[in-house]
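A.B. asks: So I've got this file, entry32.cif, and it contains mmCIF, N, CA and C atoms and all ligand atoms:
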data_upload
loop_
_atom_site.label_atom_id
_atom_site.label_comp_id
_atom_site.auth_asym_id
_atom_site.auth_seq_id
_atom_site.Cartn_x
_atom_site.Cartn_y
_atom_site.Cartn_z
N MET A 1 77.51 101.86 117.69
CA MET A 1 77.63 102.94 116.71
C MET A 1 79.00 102.88 116.02
N GLU A 2 78.96 102.89 114.73
CA GLU A 2 80.20 102.88 113.94
C GLU A 2 80.77 104.31 113.91
N LEU A 3 82.01 104.45 114.30
CA LEU A 3 82.62 105.77 114.30
C LEU A 3 83.18 106.09 112.93
N THR A 4 82.91 107.31 112.47
CA THR A 4 83.38 107.72 111.15
C THR A 4 84.52 108.73 111.30
N ILE A 5 85.17 109.02 110.17
CA ILE A 5 86.22 110.04 110.14
C ILE A 5 85.69 111.35 110.72
N GLU A 6 84.43 111.64 110.41
CA GLU A 6 83.79 112.88 110.90
C GLU A 6 83.76 112.90 112.43
N ASN A 7 83.43 111.76 113.03
CA ASN A 7 83.39 111.65 114.50
C ASN A 7 84.77 111.91 115.10
N PHE A 8 85.80 111.32 114.47
CA PHE A 8 87.16 111.50 115.01
C PHE A 8 87.59 112.96 114.91
N LYS A 9 87.20 113.58 113.80
CA LYS A 9 87.49 115.00 113.58
C LYS A 9 86.87 115.82 114.70
N GLU A 10 85.60 115.55 114.96
CA GLU A 10 84.88 116.28 116.01
C GLU A 10 85.54 116.09 117.37
N THR A 11 85.92 114.84 117.66
CA THR A 11 86.57 114.57 118.95
C THR A 11 87.82 115.44 119.09
N LEU A 12 88.65 115.47 118.05
CA LEU A 12 89.89 116.25 118.11
C LEU A 12 89.58 117.73 118.34
N VAL A 13 88.60 118.24 117.61
CA VAL A 13 88.23 119.65 117.77
C VAL A 13 87.74 119.91 119.20
N ASP A 14 86.95 118.97 119.73
CA ASP A 14 86.47 119.10 121.12
C ASP A 14 87.63 119.20 122.10
N TYR A 15 88.72 118.54 121.79
CA TYR A 15 89.89 118.55 122.68
C TYR A 15 90.91 119.62 122.28
N ASN A 16 90.47 120.53 121.42
CA ASN A 16 91.34 121.63 120.97
C ASN A 16 92.59 121.15 120.26
N ILE A 17 92.45 120.07 119.50
CA ILE A 17 93.57 119.56 118.71
C ILE A 17 93.19 119.74 117.24
N ARG A 18 94.10 120.33 116.48
CA ARG A 18 93.80 120.56 115.07
C ARG A 18 93.72 119.20 114.36
N PRO A 19 92.57 118.94 113.70
CA PRO A 19 92.37 117.59 113.14
C PRO A 19 93.07 117.38 111.79
N THR A 20 94.36 117.11 111.83
CA THR A 20 95.07 116.78 110.59
C THR A 20 94.76 115.33 110.24
N TYR A 21 95.01 114.97 109.00
CA TYR A 21 94.74 113.61 108.54
C TYR A 21 95.47 112.58 109.40
N GLN A 22 96.75 112.86 109.68
CA GLN A 22 97.54 111.90 110.45
C GLN A 22 97.00 111.72 111.87
N ARG A 23 96.59 112.83 112.47
CA ARG A 23 96.04 112.74 113.83
C ARG A 23 94.73 111.95 113.83
N ILE A 24 93.91 112.18 112.82
CA ILE A 24 92.64 111.45 112.71
C ILE A 24 92.92 109.96 112.59
N LYS A 25 93.90 109.59 111.74
CA LYS A 25 94.22 108.17 111.56
C LYS A 25 94.76 107.54 112.85
N ILE A 26 95.53 108.29 113.59
CA ILE A 26 96.08 107.77 114.85
C ILE A 26 94.96 107.57 115.87
N LEU A 27 94.04 108.51 115.93
CA LEU A 27 92.90 108.38 116.84
C LEU A 27 92.03 107.19 116.43
N GLU A 28 91.82 107.06 115.12
CA GLU A 28 91.03 105.94 114.61
C GLU A 28 91.68 104.60 115.00
N TYR A 29 93.01 104.54 114.90
CA TYR A 29 93.73 103.33 115.27
C TYR A 29 93.52 103.00 116.75
N LEU A 30 93.64 104.02 117.59
CA LEU A 30 93.49 103.80 119.04
C LEU A 30 92.07 103.33 119.38
N GLU A 31 91.08 103.89 118.70
CA GLU A 31 89.68 103.48 118.93
C GLU A 31 89.46 102.03 118.49
N GLY A 32 90.12 101.64 117.42
CA GLY A 32 89.90 100.32 116.86
C GLY A 32 90.77 99.24 117.48
N ASN A 33 91.80 99.65 118.22
CA ASN A 33 92.75 98.70 118.79
C ASN A 33 92.99 99.02 120.25
N LYS A 34 92.07 98.57 121.07
CA LYS A 34 92.16 98.91 122.50
C LYS A 34 93.08 97.93 123.21
N THR A 35 94.30 97.83 122.69
CA THR A 35 95.27 96.87 123.19
C THR A 35 96.45 97.57 123.86
N HIS A 36 96.29 98.88 124.15
CA HIS A 36 97.36 99.67 124.75
C HIS A 36 98.62 99.65 123.87
N PRO A 37 98.50 100.07 122.62
CA PRO A 37 99.65 100.01 121.71
C PRO A 37 100.77 100.99 122.07
N THR A 38 101.98 100.67 121.61
CA THR A 38 103.14 101.55 121.76
C THR A 38 103.24 102.42 120.50
N VAL A 39 104.12 103.42 120.56
CA VAL A 39 104.36 104.28 119.39
C VAL A 39 104.77 103.42 118.19
N ASP A 40 105.66 102.47 118.43
CA ASP A 40 106.15 101.58 117.37
C ASP A 40 105.03 100.81 116.70
N GLU A 41 104.16 100.23 117.51
CA GLU A 41 103.05 99.45 116.96
C GLU A 41 102.15 100.31 116.09
N ILE A 42 101.83 101.48 116.59
CA ILE A 42 100.93 102.37 115.84
C ILE A 42 101.61 102.78 114.53
N TYR A 43 102.89 103.13 114.63
CA TYR A 43 103.64 103.54 113.44
C TYR A 43 103.66 102.42 112.39
N HIS A 44 103.96 101.21 112.82
CA HIS A 44 104.05 100.11 111.86
C HIS A 44 102.72 99.76 111.22
N HIS A 45 101.63 99.96 111.94
CA HIS A 45 100.32 99.69 111.35
C HIS A 45 99.90 100.77 110.36
N LEU A 46 100.24 102.01 110.67
CA LEU A 46 99.75 103.11 109.84
C LEU A 46 100.66 103.47 108.68
N TYR A 47 101.94 103.14 108.83
CA TYR A 47 102.91 103.54 107.80
C TYR A 47 102.53 103.06 106.39
N PRO A 48 102.04 101.83 106.21
CA PRO A 48 101.67 101.40 104.85
C PRO A 48 100.56 102.26 104.22
N GLN A 49 99.68 102.79 105.06
CA GLN A 49 98.60 103.65 104.54
C GLN A 49 99.05 105.09 104.38
N ILE A 50 100.00 105.50 105.22
CA ILE A 50 100.45 106.91 105.23
C ILE A 50 101.96 106.94 105.13
N PRO A 51 102.51 106.80 103.92
CA PRO A 51 103.97 106.71 103.77
C PRO A 51 104.71 107.96 104.25
N THR A 52 104.00 109.09 104.36
CA THR A 52 104.66 110.32 104.81
C THR A 52 104.78 110.38 106.34
N LEU A 53 104.16 109.40 106.99
CA LEU A 53 104.15 109.39 108.46
C LEU A 53 105.55 109.10 109.01
N SER A 54 105.93 109.82 110.06
CA SER A 54 107.20 109.49 110.73
C SER A 54 106.89 109.07 112.16
N LYS A 55 107.84 108.37 112.73
CA LYS A 55 107.68 107.90 114.11
C LYS A 55 107.57 109.10 115.06
N THR A 56 108.32 110.15 114.72
CA THR A 56 108.27 111.37 115.55
C THR A 56 106.88 111.97 115.55
N THR A 57 106.24 111.97 114.39
CA THR A 57 104.87 112.50 114.31
C THR A 57 103.94 111.68 115.19
N VAL A 58 104.07 110.36 115.11
CA VAL A 58 103.22 109.50 115.94
C VAL A 58 103.47 109.83 117.41
N TYR A 59 104.73 109.92 117.78
CA TYR A 59 105.09 110.22 119.16
C TYR A 59 104.52 111.56 119.61
N ASN A 60 104.75 112.60 118.79
CA ASN A 60 104.28 113.94 119.15
C ASN A 60 102.76 114.02 119.22
N THR A 61 102.11 113.29 118.31
CA THR A 61 100.64 113.27 118.31
C THR A 61 100.13 112.65 119.61
N LEU A 62 100.73 111.52 119.99
CA LEU A 62 100.28 110.85 121.21
C LEU A 62 100.56 111.71 122.44
N ARG A 63 101.67 112.42 122.40
CA ARG A 63 101.98 113.35 123.48
C ARG A 63 100.90 114.41 123.61
N SER A 64 100.51 114.98 122.47
CA SER A 64 99.49 116.04 122.54
C SER A 64 98.13 115.46 122.93
N PHE A 65 97.84 114.23 122.52
CA PHE A 65 96.60 113.57 122.95
C PHE A 65 96.63 113.39 124.48
N ALA A 66 97.77 112.97 124.99
CA ALA A 66 97.89 112.72 126.43
C ALA A 66 97.79 114.03 127.21
N ASP A 67 98.43 115.08 126.69
CA ASP A 67 98.37 116.38 127.36
C ASP A 67 96.94 116.91 127.41
N ALA A 68 96.16 116.58 126.40
CA ALA A 68 94.77 117.05 126.34
C ALA A 68 93.83 116.09 127.09
N ASP A 69 94.38 115.06 127.69
CA ASP A 69 93.59 114.04 128.40
C ASP A 69 92.66 113.25 127.50
N LEU A 70 93.04 113.15 126.25
CA LEU A 70 92.26 112.34 125.31
C LEU A 70 92.70 110.88 125.40
N VAL A 71 93.95 110.65 125.74
CA VAL A 71 94.44 109.29 125.97
C VAL A 71 95.19 109.23 127.30
N LEU A 72 95.29 108.04 127.82
CA LEU A 72 96.11 107.81 129.00
C LEU A 72 97.45 107.27 128.56
N GLU A 73 98.50 107.70 129.27
CA GLU A 73 99.83 107.19 129.01
C GLU A 73 100.09 106.12 130.06
N LEU A 74 100.47 104.94 129.62
CA LEU A 74 100.73 103.87 130.57
C LEU A 74 102.20 103.52 130.59
N HIS A 75 102.75 103.51 131.80
CA HIS A 75 104.14 103.09 131.95
C HIS A 75 104.10 101.76 132.69
N VAL A 76 104.23 100.70 131.96
CA VAL A 76 104.18 99.40 132.63
C VAL A 76 105.53 98.72 132.54
N ASP A 77 106.01 98.29 133.71
CA ASP A 77 107.15 97.40 133.74
C ASP A 77 108.39 97.92 133.03
N ASN A 78 108.65 99.20 133.10
CA ASN A 78 109.83 99.80 132.45
C ASN A 78 109.89 99.58 130.95
N SER A 79 108.82 99.10 130.36
CA SER A 79 108.87 98.91 128.92
C SER A 79 108.43 100.22 128.25
N GLU A 80 108.33 100.18 126.94
CA GLU A 80 107.91 101.34 126.18
C GLU A 80 106.57 101.88 126.67
N VAL A 81 106.39 103.18 126.52
CA VAL A 81 105.12 103.80 126.91
C VAL A 81 104.00 103.26 126.02
N ARG A 82 102.88 102.96 126.63
CA ARG A 82 101.71 102.50 125.88
C ARG A 82 100.61 103.54 126.02
N PHE A 83 99.68 103.51 125.08
CA PHE A 83 98.62 104.52 125.10
C PHE A 83 97.26 103.85 125.12
N ASP A 84 96.37 104.45 125.89
CA ASP A 84 95.05 103.88 126.15
C ASP A 84 93.99 104.93 125.85
N ILE A 85 93.08 104.58 124.93
CA ILE A 85 92.01 105.51 124.58
C ILE A 85 90.94 105.54 125.67
N ASN A 86 90.94 104.52 126.51
CA ASN A 86 89.96 104.47 127.60
C ASN A 86 90.49 105.27 128.79
N THR A 87 89.95 106.46 129.00
CA THR A 87 90.44 107.32 130.08
C THR A 87 89.59 107.21 131.35
N GLU A 88 88.56 106.36 131.29
CA GLU A 88 87.77 106.10 132.50
C GLU A 88 88.64 105.32 133.48
N LEU A 89 88.35 105.45 134.77
CA LEU A 89 89.12 104.69 135.75
C LEU A 89 88.95 103.19 135.53
N HIS A 90 90.05 102.50 135.28
CA HIS A 90 90.02 101.05 135.16
C HIS A 90 91.41 100.53 135.51
N GLY A 91 91.48 99.24 135.82
CA GLY A 91 92.74 98.67 136.22
C GLY A 91 93.44 98.00 135.04
N HIS A 92 94.74 97.78 135.19
CA HIS A 92 95.53 97.08 134.16
C HIS A 92 96.22 95.87 134.76
N PHE A 93 96.27 94.85 133.99
CA PHE A 93 96.95 93.62 134.38
C PHE A 93 97.95 93.26 133.29
N LEU A 94 99.23 93.26 133.65
CA LEU A 94 100.26 92.89 132.67
C LEU A 94 100.60 91.42 132.84
N CYS A 95 100.45 90.65 131.76
CA CYS A 95 100.85 89.25 131.79
C CYS A 95 102.35 89.16 131.55
N LYS A 96 103.06 88.59 132.50
CA LYS A 96 104.52 88.48 132.43
C LYS A 96 104.95 87.48 131.35
N ASP A 97 104.00 86.68 130.90
CA ASP A 97 104.32 85.66 129.92
C ASP A 97 104.14 86.18 128.49
N CYS A 98 102.94 86.62 128.15
CA CYS A 98 102.68 87.06 126.77
C CYS A 98 102.78 88.57 126.59
N GLY A 99 102.92 89.32 127.68
CA GLY A 99 103.09 90.76 127.56
C GLY A 99 101.82 91.55 127.29
N THR A 100 100.69 90.85 127.25
CA THR A 100 99.42 91.54 127.03
C THR A 100 99.06 92.38 128.24
N VAL A 101 98.55 93.59 128.00
CA VAL A 101 98.04 94.41 129.09
C VAL A 101 96.51 94.35 129.02
N TYR A 102 95.92 93.71 129.99
CA TYR A 102 94.46 93.55 130.06
C TYR A 102 93.85 94.70 130.85
N ASP A 103 92.63 95.06 130.48
CA ASP A 103 91.84 96.01 131.27
C ASP A 103 90.98 95.22 132.24
N PHE A 104 90.77 95.76 133.40
CA PHE A 104 89.72 95.20 134.25
C PHE A 104 88.96 96.34 134.91
N GLU A 105 87.73 96.04 135.25
CA GLU A 105 86.87 97.07 135.83
C GLU A 105 87.15 97.23 137.31
N ILE A 106 86.88 98.43 137.79
CA ILE A 106 87.06 98.71 139.21
C ILE A 106 85.72 99.16 139.76
N ASN A 107 85.35 98.63 140.87
CA ASN A 107 84.14 99.06 141.55
C ASN A 107 84.40 100.47 142.11
N THR A 108 83.88 101.48 141.44
CA THR A 108 84.23 102.87 141.79
C THR A 108 83.74 103.24 143.19
N GLU A 109 82.64 102.62 143.61
CA GLU A 109 82.15 102.91 144.94
C GLU A 109 83.20 102.51 145.97
N LYS A 110 83.83 101.36 145.73
CA LYS A 110 84.80 100.85 146.69
C LYS A 110 86.12 101.59 146.63
N ILE A 111 86.53 102.01 145.41
CA ILE A 111 87.84 102.67 145.32
C ILE A 111 87.79 104.05 145.96
N ASN A 112 86.60 104.63 146.05
CA ASN A 112 86.48 105.93 146.70
C ASN A 112 86.25 105.82 148.21
N ASP A 113 86.22 104.60 148.67
CA ASP A 113 86.10 104.34 150.10
C ASP A 113 87.44 104.67 150.76
N ASP A 114 87.47 105.65 151.64
CA ASP A 114 88.77 106.06 152.21
C ASP A 114 89.34 105.07 153.21
N GLN A 115 88.66 103.97 153.42
CA GLN A 115 89.23 102.91 154.25
C GLN A 115 90.15 102.00 153.42
N LEU A 116 90.08 102.15 152.09
CA LEU A 116 90.80 101.22 151.22
C LEU A 116 92.30 101.53 151.18
N PHE A 117 92.63 102.80 151.08
CA PHE A 117 94.05 103.19 151.04
C PHE A 117 94.33 104.04 152.27
N ILE A 118 95.32 103.64 153.03
CA ILE A 118 95.57 104.27 154.33
C ILE A 118 96.82 105.15 154.26
N GLY A 119 96.79 106.29 154.90
CA GLY A 119 97.99 107.10 155.05
C GLY A 119 98.08 108.28 154.11
N LEU A 120 96.98 108.64 153.42
CA LEU A 120 97.04 109.77 152.50
C LEU A 120 96.12 110.92 152.94
N ASP A 121 95.83 110.95 154.23
CA ASP A 121 94.99 112.05 154.72
C ASP A 121 95.65 113.37 154.36
N ASP A 122 94.86 114.33 153.90
CA ASP A 122 95.35 115.66 153.53
C ASP A 122 96.24 115.69 152.29
N PHE A 123 96.36 114.60 151.59
CA PHE A 123 97.02 114.63 150.29
C PHE A 123 95.94 114.95 149.26
N SER A 124 96.30 115.66 148.18
CA SER A 124 95.31 115.75 147.11
C SER A 124 95.71 114.80 145.99
N ILE A 125 94.79 113.92 145.68
CA ILE A 125 95.08 112.85 144.72
C ILE A 125 94.70 113.32 143.32
N MET A 126 95.63 113.21 142.39
CA MET A 126 95.38 113.66 141.02
C MET A 126 95.06 112.51 140.09
N SER A 127 95.58 111.35 140.37
CA SER A 127 95.24 110.20 139.53
C SER A 127 95.38 108.94 140.36
N LYS A 128 94.68 107.92 139.91
CA LYS A 128 94.78 106.63 140.59
C LYS A 128 95.09 105.59 139.54
N ASN A 129 96.16 104.84 139.76
CA ASN A 129 96.51 103.77 138.84
C ASN A 129 96.49 102.45 139.58
N ILE A 130 95.74 101.53 139.04
CA ILE A 130 95.68 100.20 139.63
C ILE A 130 96.35 99.27 138.64
N PHE A 131 97.49 98.72 139.05
CA PHE A 131 98.30 97.96 138.12
C PHE A 131 98.72 96.63 138.75
N PHE A 132 98.30 95.56 138.13
CA PHE A 132 98.63 94.23 138.61
C PHE A 132 99.54 93.56 137.59
N THR A 133 100.38 92.66 138.04
CA THR A 133 101.14 91.82 137.11
C THR A 133 100.91 90.37 137.49
N GLY A 134 101.19 89.48 136.57
CA GLY A 134 101.01 88.06 136.85
C GLY A 134 100.97 87.27 135.55
N ILE A 135 100.30 86.16 135.59
CA ILE A 135 100.16 85.32 134.40
C ILE A 135 98.68 85.28 134.05
N CYS A 136 98.35 85.58 132.80
CA CYS A 136 96.94 85.64 132.41
C CYS A 136 96.34 84.24 132.30
N LYS A 137 95.02 84.22 132.25
CA LYS A 137 94.27 82.96 132.17
C LYS A 137 94.70 82.11 130.99
N LYS A 138 94.90 82.79 129.85
CA LYS A 138 95.25 82.09 128.62
C LYS A 138 96.60 81.36 128.74
N CYS A 139 97.60 82.10 129.27
CA CYS A 139 98.93 81.52 129.42
C CYS A 139 98.96 80.43 130.50
N LYS A 140 98.16 80.63 131.53
CA LYS A 140 98.11 79.68 132.63
C LYS A 140 97.57 78.33 132.18
N ASN A 141 96.62 78.38 131.25
CA ASN A 141 95.95 77.14 130.81
C ASN A 141 96.64 76.47 129.64
N GLN A 142 97.82 76.98 129.25
CA GLN A 142 98.49 76.40 128.11
C GLN A 142 99.22 75.10 128.46
ZN ZN B 1 99.46 85.84 128.96
ZN ZN B 2 93.35 100.23 129.67
#
Show the structure stored in the file as structure tokens.
Ligand SMILES: [Zn+2]
Ligand SMILES: [Zn+2]

C.D. replies:
Amino acid sequence: MELTIENFKETLVDYNIRPTYQRIKILEYLEGNKTHPTVDEIYHHLYPQIPTLSKTTVYNTLRSFADADLVLELHVDNSEVRFDINTELHGHFLCKDCGTVYDFEINTEKINDDQLFIGLDDFSIMSKNIFFTGICKKCKNQ
């Protein structure tokens, strides 16, 4: 299904975010670029289309998206914060060579197995982040 401006507008309203033009464009960018972009990347891509856009607006918009649980905020390797439109549980793999952050699927049945992580009895878990680093297939085969 091709997502339209109308769809993005609806999504924002569903998340109680006022659908301004800039917010719609930022959401559209995130949907179209599932590469875990940073504020800088999003700003540089959208600025030519929206000359009134400021980096602060991009930052504040992403903050409000994250607060509403519309996007995930990723802190990988002390680098700039990245944003992920995929809020379903999935793992991330950072390639130390090319810097790409890959998504990988997690077997949800197994991650909810309480034999997998030991020592958190009686803790209440609010989020689970699975984060691997290494060298990706592409860089390894170069
Ligand atoms: Zn790589
Ligand atoms: Zn991801």

A.B. asks: Tell me, counting only C-alpha atoms and all ligand atoms, for each residue of chain A within 12 Å of ligand ZN 1 (chain B), which pair of atoms is nearest and how far apart they are in Å to one decimal, in rows ordered by chain and increasing number, as CSV.

C.D. replies:
residue,atom,partner,partner_atom,distance
A:Phe93,CA,B:ZN1,ZN,9.8
A:Leu94,CA,B:ZN1,ZN,8.0
A:Cys95,CA,B:ZN1,ZN,4.6
A:Lys96,CA,B:ZN1,ZN,6.7
A:Asp97,CA,B:ZN1,ZN,5.0
A:Cys98,CA,B:ZN1,ZN,4.1
A:Gly99,CA,B:ZN1,ZN,6.3
A:Thr100,CA,B:ZN1,ZN,6.0
A:Val101,CA,B:ZN1,ZN,8.7
A:Tyr102,CA,B:ZN1,ZN,9.3
A:Thr133,CA,B:ZN1,ZN,10.2
A:Gly134,CA,B:ZN1,ZN,8.3
A:Ile135,CA,B:ZN1,ZN,5.5
A:Cys136,CA,B:ZN1,ZN,4.3
A:Lys137,CA,B:ZN1,ZN,6.7
A:Lys138,CA,B:ZN1,ZN,5.6
A:Cys139,CA,B:ZN1,ZN,4.4
A:Lys140,CA,B:ZN1,ZN,7.3
A:Asn141,CA,B:ZN1,ZN,9.6
A:Gln142,CA,B:ZN1,ZN,9.5

A.B. asks: Could you check the closest approach to ligand ZN 2 (chain B) for each of A:Phe104, A:Tyr29, A:Phe131, A:Tyr59 and tell me which residue wins, using all atoms listed in the file?

C.D. replies: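 Of all the options, A:Phe104 lies closest to ligand ZN 2 (chain B).
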
A.B. asks: Please write out the residues within 6.5 Å of ligand ZN 2 (chain B) as a list of chain:residue names, counting all atoms listed in the file.

C.D. replies: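 Answer in the requested format: A:His36, A:Asp84, A:Ile85, A:Asn86, A:His90, A:Gly91, A:His92, A:Tyr102, A:Asp103, A:Phe104.
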
A.B. asks: Mind writing the picked residues with N, CA and C atoms as a PDB file, in the frame of the given file?

C.D. replies:
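Output (part13.pdb):
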ATOM      1  N   HIS A  36      96.290  98.880 124.150  1.00  0.00           N
ATOM      2  CA  HIS A  36      97.360  99.670 124.750  1.00  0.00           C
ATOM      3  C   HIS A  36      98.620  99.650 123.870  1.00  0.00           C
ATOM      4  N   ASP A  84      96.370 104.450 125.890  1.00  0.00           N
ATOM      5  CA  ASP A  84      95.050 103.880 126.150  1.00  0.00           C
ATOM      6  C   ASP A  84      93.990 104.930 125.850  1.00  0.00           C
ATOM      7  N   ILE A  85      93.080 104.580 124.930  1.00  0.00           N
ATOM      8  CA  ILE A  85      92.010 105.510 124.580  1.00  0.00           C
ATOM      9  C   ILE A  85      90.940 105.540 125.670  1.00  0.00           C
ATOM     10  N   ASN A  86      90.940 104.520 126.510  1.00  0.00           N
ATOM     11  CA  ASN A  86      89.960 104.470 127.600  1.00  0.00           C
ATOM     12  C   ASN A  86      90.490 105.270 128.790  1.00  0.00           C
ATOM     13  N   HIS A  90      90.050 102.500 135.280  1.00  0.00           N
ATOM     14  CA  HIS A  90      90.020 101.050 135.160  1.00  0.00           C
ATOM     15  C   HIS A  90      91.410 100.530 135.510  1.00  0.00           C
ATOM     16  N   GLY A  91      91.480  99.240 135.820  1.00  0.00           N
ATOM     17  CA  GLY A  91      92.740  98.670 136.220  1.00  0.00           C
ATOM     18  C   GLY A  91      93.440  98.000 135.040  1.00  0.00           C
ATOM     19  N   HIS A  92      94.740  97.780 135.190  1.00  0.00           N
ATOM     20  CA  HIS A  92      95.530  97.080 134.160  1.00  0.00           C
ATOM     21  C   HIS A  92      96.220  95.870 134.760  1.00  0.00           C
ATOM     22  N   TYR A 102      95.920  93.710 129.990  1.00  0.00           N
ATOM     23  CA  TYR A 102      94.460  93.550 130.060  1.00  0.00           C
ATOM     24  C   TYR A 102      93.850  94.700 130.850  1.00  0.00           C
ATOM     25  N   ASP A 103      92.630  95.060 130.480  1.00  0.00           N
ATOM     26  CA  ASP A 103      91.840  96.010 131.270  1.00  0.00           C
ATOM     27  C   ASP A 103      90.980  95.220 132.240  1.00  0.00           C
ATOM     28  N   PHE A 104      90.770  95.760 133.400  1.00  0.00           N
ATOM     29  CA  PHE A 104      89.720  95.200 134.250  1.00  0.00           C
ATOM     30  C   PHE A 104      88.960  96.340 134.910  1.00  0.00           C
TER      31      PHE A 104
END

A.B. asks: Quick one: distance from atom C of Thr87 (chain A) to CA of Tyr47 (chain A) in Å, one decimal?

C.D. replies: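 CA of Tyr47 (chain A) lies at a distance of 27.3 Å from atom C of Thr87 (chain A).
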
A.B. asks: Nearest to Thr11 (chain A) among A:Phe65, A:Phe83, A:Tyr43, A:Phe132, with distances taken over only C-alpha atoms: which residue is it?

C.D. replies: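 Using only C-alpha atoms, Thr11 (chain A) sits closest to A:Phe65.
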
A.B. asks: Quick one: pull the distance between CA of Glu2 (chain A) and atom C of Arg23 (chain A), Å, one decimal.

C.D. replies: 17.1 Å

A.B. asks: Give the centre and edge lengths of an axis-aligned box, in Å to one decimal, that holds all listed atoms of region 14-27 of chain A with 5 Å on each side, as lines of an AutoDock Vina configuration file.

C.D. replies:
center_x = 92.0
center_y = 114.4
center_z = 115.6
size_x = 21.1
size_y = 24.4
size_z = 24.1

A.B. asks: Compare A:Asp77, A:Asp122, A:Asp40, A:Glu10 by their minimum atom-to-atom distance to Lys55 (chain A), counting only C-alpha atoms, and give me the closest one.

C.D. replies: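 Of all the options, A:Asp40 lies closest to Lys55 (chain A).
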
A.B. asks: Pick out the residues sitting within 10 Å of region 13-22 of chain A, and hand them over as a list in words; count only C-alpha atoms, and ignore anything fewer than 4 positions along from it in its own chain.

C.D. replies: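 That gives Ile5, Asn7, Phe8, Lys9, Ile26, Leu27, Glu28, Leu46, Ile50, Thr52, Leu53, Ser54, Thr57, Val58, Thr61, Ser64, Phe65, Asp67, Ala68, Asp69 and Leu70 of chain A.
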
A.B. asks: Would you compute the distance between CA of Asn33 (chain A) and CA of Arg82 (chain A)? Give it in Å to one decimal.

C.D. replies: 12.0 Å

A.B. asks: Run DSSP on the backbone of this structure and report the residues of region 9-84 of chain A it assigns to strand (DSSP E or B), as a list in words.

C.D. replies: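 Put together, the selection reads Thr38, Leu72, Glu73, Leu74, Arg82, Phe83 and Asp84 of chain A.
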